[in-house]
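To start, the structure under review is shown below, and the notes come after it.
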2 protein chains.
Amino acid sequence: MKTYLDCYPCFLRQALEAARAAGASGIVQYEVVHKVLEEFIKFDPQQSPPEMAAKIHAIVRLETKSRDPYFKTKKKDTELSLKLYPKLKNLVAKASDPFEVAVRLAIAGNIIDVGVPGDYDIEATVKRVLNQPFSINDQAKLKRALEGVSSLLYLADNAGETVFERILIEEIGKTTRFLVKAGPVLNDATKEDAIAVGLDTVTNIIDNGSDAPGTVLPLCSAAFVHEFQEAPLIIAKGQANYECLSDCENNIFFLLQAKCPVIAHDLGVPVGSIVLKQGGIEAKIKSPKH
Amino acid sequence: MKTYLDCYPCFLRQALEAARAAGASGIVQYEVVHKVLEEFIKFDPQQSPPEMAAKIHAIVRLETKSRDPYFKTKKKDTELSLKLYPKLKNLVAKASDPFEVAVRLAIAGNIIDVGVPGDYDIEATVKRVLNQPFSINDQAKLKRALEGVSSLLYLADNAGETVFERILIEEIGKTTRFLVKAGPVLNDATKEDAIAVGLDTVTNIIDNGSDAPGTVLPLCSAAFVHEFQEAPLIIAKGQANYECLSDCENNIFFLLQAKCPVIAHDLGVPVGSIVLKQGGIEAKIKSPKH
């Protein structure tokens, strides 16, 4: 997905919020905003929003001298989500369609996102998403695709949300490579965050060599890019992975809540929608207009 | 009021919305955004937000070749508000405190504002504001100040809102100079918009020589600045006039709804508050901490 002009105000807000999360003074906040404005002027909007976001959060970390502005948020969300884990597992266990419930929970967890404006309520979101109609639902295709593979690549999103990924991965029950960021950016999950929720016991955690949000392939390690290209099936979680990979050719499924109006527009769904969308070459063959 | 860093994302959104209101193509929208970014980099945030907004909307008019991007919106809001006029007059006529109802209606009309995000519902807002507690209420001081003068200067805000100003001005019943913008900016009222609601029959309409939102004194005509300095009493309507004049020394009262979080913060009230606040030297003498 390209960067829309509507992304620019949102980038600026995100930069300010991240600088404040890092405890920056007014002067440092001003410096952050000005450095971001200079990047805007040079930026090619044919690139995806996470490519700009990567620059923005590098500026924030440099100017605020904070390695991880959202450290506390990630810890809090991880602890809260871990407390919910037994109850969520129970919901899947007693469901008439455990796969669907696990998918819905993974999408519910996508509310944990410091990149969009406003607060989030994880428990209220779980209740909502368990009953909300899908705006795009390629669940049957995902199920079939999973039957044809012995392993998959799962692209993680945020810390805390990782608990919800774990539930889906456990339900799928296949050998899984769990992809995290190589360094902190926003509240994106790193290896530490994945280990904190026990994902090392059910997956093989790898990092993409980058600290951009989403999966910006030009910024990822060659080793990961090779793995990405060879993966028989990819589950990509969250808005940033959709922004980065909506045009890729792989066998890929996007799971997300459309929290941002620009992404909702790109997907052709209302803001607040829950989405399980097949992307990649398969989707393109079946829907030539896409 | 100075420009806060939080104003920058909002300025960018406003520029895009105005460009789109003018029917700009994607390429022209991109040009608008880039020219605005260049202005941001040069801007001194000690200036008030309307000083930046004046530059932004000049860029929008130039790049989109539209003299008045919000022409249709102003016409629609004026027509709708005029339809409400008899009903609103009746509310004042039968009120136990007609002055308070007229003040509340003037504040209700302040919902008509294309500068803040989202749509507005004028009739629902009238109902709300008639019963909403004031967050700042210097009504008694305004009443006393009005008793001591034979004339006043009323700084207008937006087209359509002008109907609500007319009701308050009629209720006050003093000789009134009604200040409008010299040219279109956002949905701010010009002479045409004031005449369209009959304000020429109850006031002396003058313009400030500027097409900035609010009342940016350095951009106003010398004749108006002189008049402003000599005015025995000023009623300043809307957020932009507060942004421009919150630090001035005049005998001035601000009437507004705090729709924007930055202005609400500056006023020390929650977003959505209704405010009648004495400003100027009088307020400073009585509240030295201010």
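Identifiers in the structure tokens: chain A, B, ... in order shown; residue index from 1 per chain; ligand index from 1 in order shown.
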I need the strand (DSSP E or B) residues of range 74-242 of chain B per DSSP on the backbone, written as a PyMOL selection string.
chain B and resi 136-137+151-155+158+175-181+188+190+204-207+234-237
Can you build me a table of chain B residues sitting at most 9 Å from chain A, with the closest atom pair per residue and its distance in Å to one decimal, using only C-alpha atoms, sorted by chain and residue number, as JSON lines?
```
{"residue": "B:Leu5", "atom": "CA", "partner": "A:Tyr30", "partner_atom": "CA", "distance": 7.0}
{"residue": "B:Asp6", "atom": "CA", "partner": "A:Arg13", "partner_atom": "CA", "distance": 7.0}
{"residue": "B:Tyr8", "atom": "CA", "partner": "A:Leu12", "partner_atom": "CA", "distance": 7.4}
{"residue": "B:Pro9", "atom": "CA", "partner": "A:Pro9", "partner_atom": "CA", "distance": 4.1}
{"residue": "B:Cys10", "atom": "CA", "partner": "A:Pro9", "partner_atom": "CA", "distance": 6.7}
{"residue": "B:Phe11", "atom": "CA", "partner": "A:Pro9", "partner_atom": "CA", "distance": 8.0}
{"residue": "B:Leu12", "atom": "CA", "partner": "A:Pro9", "partner_atom": "CA", "distance": 5.6}
{"residue": "B:Arg13", "atom": "CA", "partner": "A:Pro9", "partner_atom": "CA", "distance": 5.9}
{"residue": "B:Leu16", "atom": "CA", "partner": "A:Asp6", "partner_atom": "CA", "distance": 7.6}
{"residue": "B:Gly26", "atom": "CA", "partner": "A:Leu5", "partner_atom": "CA", "distance": 8.8}
{"residue": "B:Gln29", "atom": "CA", "partner": "A:Leu5", "partner_atom": "CA", "distance": 7.9}
{"residue": "B:Tyr30", "atom": "CA", "partner": "A:Leu5", "partner_atom": "CA", "distance": 7.0}
{"residue": "B:Val33", "atom": "CA", "partner": "A:Leu5", "partner_atom": "CA", "distance": 7.6}
{"residue": "B:His34", "atom": "CA", "partner": "A:Ile41", "partner_atom": "CA", "distance": 6.6}
{"residue": "B:Leu37", "atom": "CA", "partner": "A:Leu37", "partner_atom": "CA", "distance": 6.5}
{"residue": "B:Glu38", "atom": "CA", "partner": "A:Ile41", "partner_atom": "CA", "distance": 7.9}
{"residue": "B:Phe40", "atom": "CA", "partner": "A:Leu37", "partner_atom": "CA", "distance": 7.8}
{"residue": "B:Ile41", "atom": "CA", "partner": "A:His34", "partner_atom": "CA", "distance": 6.6}
```
Quick check for you: according to DSSP on this backbone, which residues of range 34-270 of chain B are classed as helix (DSSP H, G or I)? Reply as a PyMOL selection string.
chain B and resi 34-42+49-64+71-93+98-111+122-131+139-147+161-172+191-196+199-202+217-219+222-230+239-245+261-267
How many Å separate CA of Ser210 in chain A from CA of Lys277 in chain A?
25.1 Å
Sorted by chain and rising residue number, which residues of range 165-200 of chain A lie within 8 Å of range 73-85 of chain A, and what are their closest atom pairs and distances in Å to one decimal, counting only C-alpha atoms, as a Markdown table?
```
| residue | atom | partner | partner_atom | distance |
| --- | --- | --- | --- | --- |
| A:Asn187 | CA | A:Lys74 | CA | 5.9 |
| A:Asp193 | CA | A:Thr78 | CA | 7.6 |
| A:Ala196 | CA | A:Thr78 | CA | 7.7 |
| A:Val197 | CA | A:Leu82 | CA | 6.7 |
```
Selected residue, from B:Ser246, B:Ser151, B:Asn241, B:Thr3, that lies nearest to Pro49 in chain B when counting only C-alpha atoms
B:Thr3
Contact residues around Glu171 in chain B with only C-alpha atoms at 8 Å, ignoring same-chain residues under 2 positions, as a ChimeraX atom specification
/B:98-99,102,167-169,173
Output file for the residues above (C-alpha atoms, as a PDB file, in the first residue's frame):
```
ATOM      1  CA  PRO B  98     -33.521  36.106  27.744  1.00  0.00           C
ATOM      2  CA  PHE B  99     -29.879  37.315  27.945  1.00  0.00           C
ATOM      3  CA  ALA B 102     -29.224  34.482  23.761  1.00  0.00           C
ATOM      4  CA  ILE B 167     -29.901  36.972  18.072  1.00  0.00           C
ATOM      5  CA  LEU B 168     -27.435  37.921  20.823  1.00  0.00           C
ATOM      6  CA  ILE B 169     -26.814  41.366  19.321  1.00  0.00           C
ATOM      7  CA  GLY B 173     -29.683  46.118  21.970  1.00  0.00           C
TER       8      GLY B 173
END
```
